[in-house]
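Report on the following structure.
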Amino acid sequence: MFNHLLSLLIWLPIVGAVPVLLAGSGRPNVARWLALLVAVITFVVSLYLLPQYNAADGAKQLVESHLWIASLGVHYSLAVDGISVALILLTSFVGILVIVGAWEVIQVNPHQYMAAMLVLEGLMIGVFCATDALLFYVFFEAMLIPMFILIGVWGGPRRVYATLKFFIYTFFGSIFMLVGLIYLYLKAGTFDLQTLATLPLTMKEQTWLFFAFLIAFAVKVPMVPVHTWLPDAHVEAPTGGSVVLAAVMLKIGGYGFLRFSLPITPDAADAYAWVVIGLSLIAVVYIGYIALVQEDMKKLVAYSSVAHMGFVTLGIFIAFMLVRHADNLDAAKLGMQGAMVQMISHGFVSGAMFSCIGVLYDRLHTRQIKDYGGVINVMPWFGFFYVLFAMANSGLPGTSGFVGEFQVILASFQANPWIALFAAFTLIIGAAYTLYMVKRVLWGDITNPHVAEMKDINGREWLVLGAFAAAVLVLGIWPQPLIHLMDASVSQLVTQLGNHKI
Amino acid sequence: MPNLNDILILLPEAFLVAWACVLLLLDAFMEPKLRWTLHWFSIVGLLMTIYLVVAGQPDQAVTAFNGMFVRDGVAEILKVFALLSTALVFVYAKPYLIDRKLFIGEFYTLTIFAVIGIMLLVSAGNLITVYLGLELLTLSSYALVALNRDSQMSSEAAIKYFVLGALASGMLLYGMSMVYGATGTLDLAHLHTAAAATTMPHLLVFGLIFMIVGIGFKLGAAPFHMWIPDVYQGSPTAVTIFIGSAPKLAAFGMAYRLLATGMGDLSQHWQLMLACLAVLSLAIGNLVAIVQSNLKRLLAYSTISHMGYLLLGLVNAGPEGYAAALFYAISYALMGTAAFGIILALARVGFECEDIDDLKGLNQRSPWAAFLMMLVMFSLAGVPPLFGFFAKLLVLQAAIHAGFMWLAIVGAVFAIIGLYYYLRVVKVMYFDKPVDGAEIRLQGDVSVRLVLSLNVLALLVLGFSWGPLFGWCQRVFVG
């Protein structure tokens, strides 16, 4: 059997970026088609994961392991479970859409843009596959380089500020994780995550490590109060950058919690779960209110991302309360599953929202809500998609946004009704800020003469938004395949939560 | 009495001395239009010396001239990389020297004599040899800095370097004399045992302090870093690139010989001293670099901070730490030559490419140069998957293993601060508009561009396969 599938998925886009780059600025169309070809092949190969991966068995599969650094015992080891597979599919799917979305929009050095996107895609897939902590860290950090370039070169007016802030914030978070990982390595003699998960650690060690991991992933998710880089980065990033950032990169924070905080420091994670739960609720409620008053569409969606990611962290950490204090494994599983579904769903919804804003921005070159109004009169197709995604963003049943949030709220109700009450606020606030934006952008009379001249979406944009819409609807109406894909892995994670290390 | 065997052990050094003498003669009597051959002659000499070093390497450490000279694995690896980086320096420097009418034999002979100093220094088995090697290296360097003697900046830099360097040498000698007074021996191997039995421990520790001043000066670790920015900025870039690469390996070798071989038993004293130097270097190097507008000065402060990281490895005071520090020194030598190599390749007649603003919009004017510089900057900043990250990883690991968790955290925090100014260089190249839009060509012929590209891409390749190199670094300190 061919057992380098994961390596292929990682390196295909990265190596594929080289010919794209070599196409040069003189032949932009060659670069575009090549990039699209690479992205499509990657997506097709990633689909091949589905038959290869046995969803009934939640353990790590498709294992690949080679000795990388003999003297340190570091391995180049890859493997996936259901959660990784779902995230890889999301990444390769979004990978195509951002390239199509950038087609004519990026005019300056399109070859560099496309190459950076492809490298980024490969590195993100690498993050989801790595089962060696050092390898994970390498992918996790290397990802910053293409993103830094993407925002800095093709971004908006304050792009330099935004991209430096993004890079330094994330680097700040992860370097402490590195110190923590070195400590673990010196204790265990390996960077293998499986071994680290069974390494006994005292409460004091766990607490330090937990907070080292927390800083790294909280910045990435992002959680309050280290979320301030996100609105800046989103506002200044080019549309494709925003889409990747919101759709995939933020998920890496949530994914990191699953792979590091939970298995390696379960007792400290339990003891400090209230910190994360508290911060998640603040994100859901307080950041929701902040989103309500935004004047800039991208900023609004960026804040709504912070609020939605609050559900992910809430779902992950509420599981601790349920497993350890209420002994309610089923509810814990429900919460964890909700968090995972929310990650995938938010990937589609936020990606779609940013793509929509990109469509508007390409026409009017402004993201201020007040500059629009009555867009539906001139862009009916666009309005259709925009309303659909807005509904998904506010969690309407039948769209993907509903499933995950509902599961998390159900689970938290069984842990503590008060937590559920605050979490459920999102249904009101989320609807409020999203629909308020829709009202001001789409409905009403056309006040800005430039809006009257706007053309409805073209075929390429239709393709991007249509693909997102299909994903949002399928996931909303029939989430069973996704849940089934991750089910066994989530169960395994939940049982792991109960393991004490001291 | 020295016999033939002693000479054979010294064969690479003897060969290079002879080669340098031939070079001097050739330079004096050669027709001007054949001068360019000196360049290749020098590079071939260095490469042949590498061959002699590696081919003649004995299985066990051997000594010559009654222990004055040691030929062991540590010396071998340091010599190989010092010679290699000097060869790179020669390749990169040629177009720059020709443009500035500095393409003269003295550059090559002085540099080669400095390399001979490095080779002696890293092979020293005796305090006297340490001093001899060090003086040969530094005296040649002073002259090199003043190579462009019509330039006021260069002369000023040379004088500063000379005065401070002489002071540091004096301190080192003073420390050595105290150590000699306390132990009665100059031989580093004997020193180790004699230090344990000394009746004057205070005198010994005082001697140690003065020796650490000398080492700190040579490394350019704060607070003995004052000369670095001025010398880096004032020297012709072709000389800066040399001073920023091979001598760092020499400084590591000197620290290893003096501290580990000679004063290993006093490690609990010098560990803390080095930790203080490391913290100061990290702080001063990284913080002051932020406000620099001159690229060479920025890289000078970056060197200071990198020496702080190197000290993090030495603080470990065990084979693991020495290996990490050696690995760091090698990685820095590679990154330093690459960074200055790109500056040299961008400099043209009447344009030094010294200010950060000179790089504005480089991506539009020369995408390949910008890409190479970006890799070097990310490597210096320690972002994976580049080589510099793994070097940092290993020194942090060495520090944590020795119980210096706080020091590792300080190192981590300053890595974040340091990131800012490296990113600033990338920002200028990629995000800013060029002042004038004309395309820039990298200077020099194909060989320069090829070697430079290979040098930088090595940082990427070594990021994926640094295992063998690190394995070599580990092996030389075992047994």
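Quick note on naming: the chains in the structure tokens go A, B, ... in the order shown, residues restart at 1 in each chain, and ligands are numbered from 1 in order of appearance.
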Original post:
Counting only C-alpha atoms, what is within 7 Å of stretch 71-86 of chain A, bar same-chain residues fewer than 2 positions away, as a ChimeraX atom specification?
Top reply: /A:6,55,58-69,88-90,128-132,135,190-191,485-486,489 /B:467,471
**OP:** Fewer than 6 positions away in the same chain doesn't count, so skip those; otherwise give me all residues within 6 Å of stretch 229-242 of chain B, counting only C-alpha atoms, as number ranges by chain.
**Re:** B: 93, 145, 153-154, 157, 296-297, 300, 337, 340
For the residues selected in the previous step, produce a file with C-alpha atoms as a PDB file, in the first residue's frame.
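Here's the written file again_8.pdb:
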ATOM      1  CA  ALA B  93      34.532  40.183  -1.485  1.00  0.00           C
ATOM      2  CA  VAL B 145      39.884  47.213   9.179  1.00  0.00           C
ATOM      3  CA  MET B 153      35.523  55.990   9.064  1.00  0.00           C
ATOM      4  CA  SER B 154      37.787  53.007   8.531  1.00  0.00           C
ATOM      5  CA  ALA B 157      37.194  52.108  13.440  1.00  0.00           C
ATOM      6  CA  LYS B 296      25.772  46.969   9.032  1.00  0.00           C
ATOM      7  CA  ARG B 297      25.238  48.435  12.475  1.00  0.00           C
ATOM      8  CA  ALA B 300      26.523  44.284  14.484  1.00  0.00           C
ATOM      9  CA  THR B 337      28.602  35.346   5.682  1.00  0.00           C
ATOM     10  CA  PHE B 340      26.991  40.328   4.466  1.00  0.00           C
TER      11      PHE B 340
END
Subject >> DSSP helix (DSSP H, G or I) residues within stretch 250-477 of chain A, as an MDAnalysis selection string >> reply: chainID A and resid 250:264 266:271 273:292 297:325 329:364 369:371 375:378 380:393 400:415 417:441 449:452 459:477
Original post:
Could you pull the residues within 9 Å of A:Val244, counting only C-alpha atoms, minus those fewer than 3 positions along the same chain, as a PyMOL selection string?
Top reply: chain A and resi 91+94-95+98+117+120-121+239-241+247-250+347+351
Original post:
Can you tell me, as an MDAnalysis selection string, what residues are no more than 6 Å from stretch 366-376 of chain B when counting only C-alpha atoms, ignoring any on the same chain fewer than 3 positions away?
Top reply: chainID B and resid 362:363 379 426 440
Could you write those residues out with C-alpha atoms, as an mmCIF file, in the first residue's frame?
data_model
loop_
_atom_site.group_PDB
_atom_site.id
_atom_site.type_symbol
_atom_site.label_atom_id
_atom_site.label_comp_id
_atom_site.auth_asym_id
_atom_site.auth_seq_id
_atom_site.Cartn_x
_atom_site.Cartn_y
_atom_site.Cartn_z
ATOM 1 C CA LEU B 362 14.067 45.180 -3.325
ATOM 2 C CA ASN B 363 11.468 42.560 -4.171
ATOM 3 C CA SER B 379 17.068 32.306 9.954
ATOM 4 C CA VAL B 426 11.859 42.010 5.356
ATOM 5 C CA ILE B 440 19.309 45.779 -9.693
#
What are the nearest atom pairs, with distances in Å to one decimal, for all residues of chain B that come at most 7 Å from chain A, using only C-alpha atoms, set out by chain and rising residue number as a tab-separated table?
residue	atom	partner	partner_atom	distance
B:Val383	CA	A:Glu141	CA	6.6
B:Pro384	CA	A:Val138	CA	5.2
B:Pro385	CA	A:Val138	CA	5.7
B:Gln397	CA	A:Ile182	CA	5.9
B:His401	CA	A:Leu186	CA	6.9
B:Ala412	CA	A:Ile175	CA	6.2
B:Ile416	CA	A:Phe172	CA	5.8
B:Tyr430	CA	A:Val153	CA	6.4
B:Phe431	CA	A:Val153	CA	5.1
B:Gly467	CA	A:Ile69	CA	4.6
B:Gly471	CA	A:Ser71	CA	6.1
**OP:** Within 9 Å of B:Thr86, counting only C-alpha atoms, which residues show up once you throw out same-chain ones fewer than 5 positions away? Write them as a PyMOL selection string, please.
**Re:** chain B and resi 43+46+81+91+111-112+115+242+245-246+337
Please produce a file of those selected residues containing C-alpha atoms, as a short mmCIF file (atom, residue, chain, number, x, y, z; two decimals), in the first residue's frame.
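The resulting file, again-v3.cif, is shown below:
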data_model
loop_
_atom_site.label_atom_id
_atom_site.label_comp_id
_atom_site.auth_asym_id
_atom_site.auth_seq_id
_atom_site.Cartn_x
_atom_site.Cartn_y
_atom_site.Cartn_z
CA ILE B 43 40.85 30.21 -2.34
CA LEU B 46 42.22 27.53 1.85
CA PHE B 81 34.36 25.87 9.17
CA VAL B 91 34.38 34.80 -3.16
CA THR B 111 43.10 37.51 6.00
CA ILE B 112 45.06 34.31 5.60
CA VAL B 115 43.02 32.50 9.69
CA PHE B 242 35.31 38.33 7.62
CA SER B 245 32.22 35.08 10.58
CA ALA B 246 35.37 33.04 11.17
CA THR B 337 28.60 35.35 5.68
#
Original post:
Nearest to A:Phe166 among B:Leu423, B:Leu121, B:Leu132, B:Leu454, with distances taken over only C-alpha atoms: which residue is it?
Top reply: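 When distances to A:Phe166 are compared using only C-alpha atoms, the smallest one comes from B:Leu423.
With only C-alpha atoms as the atoms that count, the residue of B:Met273, B:Leu102, B:Ile356, B:Ile290 with the shortest distance to B:Asp150 is B:Leu102.
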Original post:
Excluding same-chain residues fewer than 4 positions from A:Gly466, what lies within 8 Å of it counting only C-alpha atoms, as JSON, numbers by chain?
Top reply: {"A": [385, 462, 470]}
For the residues in the current selection, export N, CA and C atoms as a PDB file, in the first residue's frame.
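Saved result, result.pdb, follows:
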ATOM      1  N   PHE A 385     -26.597  35.072  -1.671  1.00  0.00           N
ATOM      2  CA  PHE A 385     -25.528  34.393  -0.935  1.00  0.00           C
ATOM      3  C   PHE A 385     -25.238  35.094   0.394  1.00  0.00           C
ATOM      4  N   TRP A 462     -19.322  33.574  -8.514  1.00  0.00           N
ATOM      5  CA  TRP A 462     -20.437  32.659  -8.292  1.00  0.00           C
ATOM      6  C   TRP A 462     -19.921  31.300  -7.847  1.00  0.00           C
ATOM      7  N   ALA A 470     -22.844  25.638  -0.743  1.00  0.00           N
ATOM      8  CA  ALA A 470     -23.140  24.212  -0.725  1.00  0.00           C
ATOM      9  C   ALA A 470     -22.618  23.582   0.552  1.00  0.00           C
TER      10      ALA A 470
END
Subject >> Who sits within 12 Å of B:Tyr328, only C-alpha atoms, same chain under 5 positions skipped, as a PyMOL selection string >> reply: chain B and resi 78+245+248-249+252+303+306-314+321-323+333-336+379-380+382+387-396+398+466+469-470+473
Subject >> For A:Ala411, the nearest of the candidates A:Ile318, A:Met437, A:Val284, A:Ala233, counting only C-alpha atoms >> reply: A:Ile318
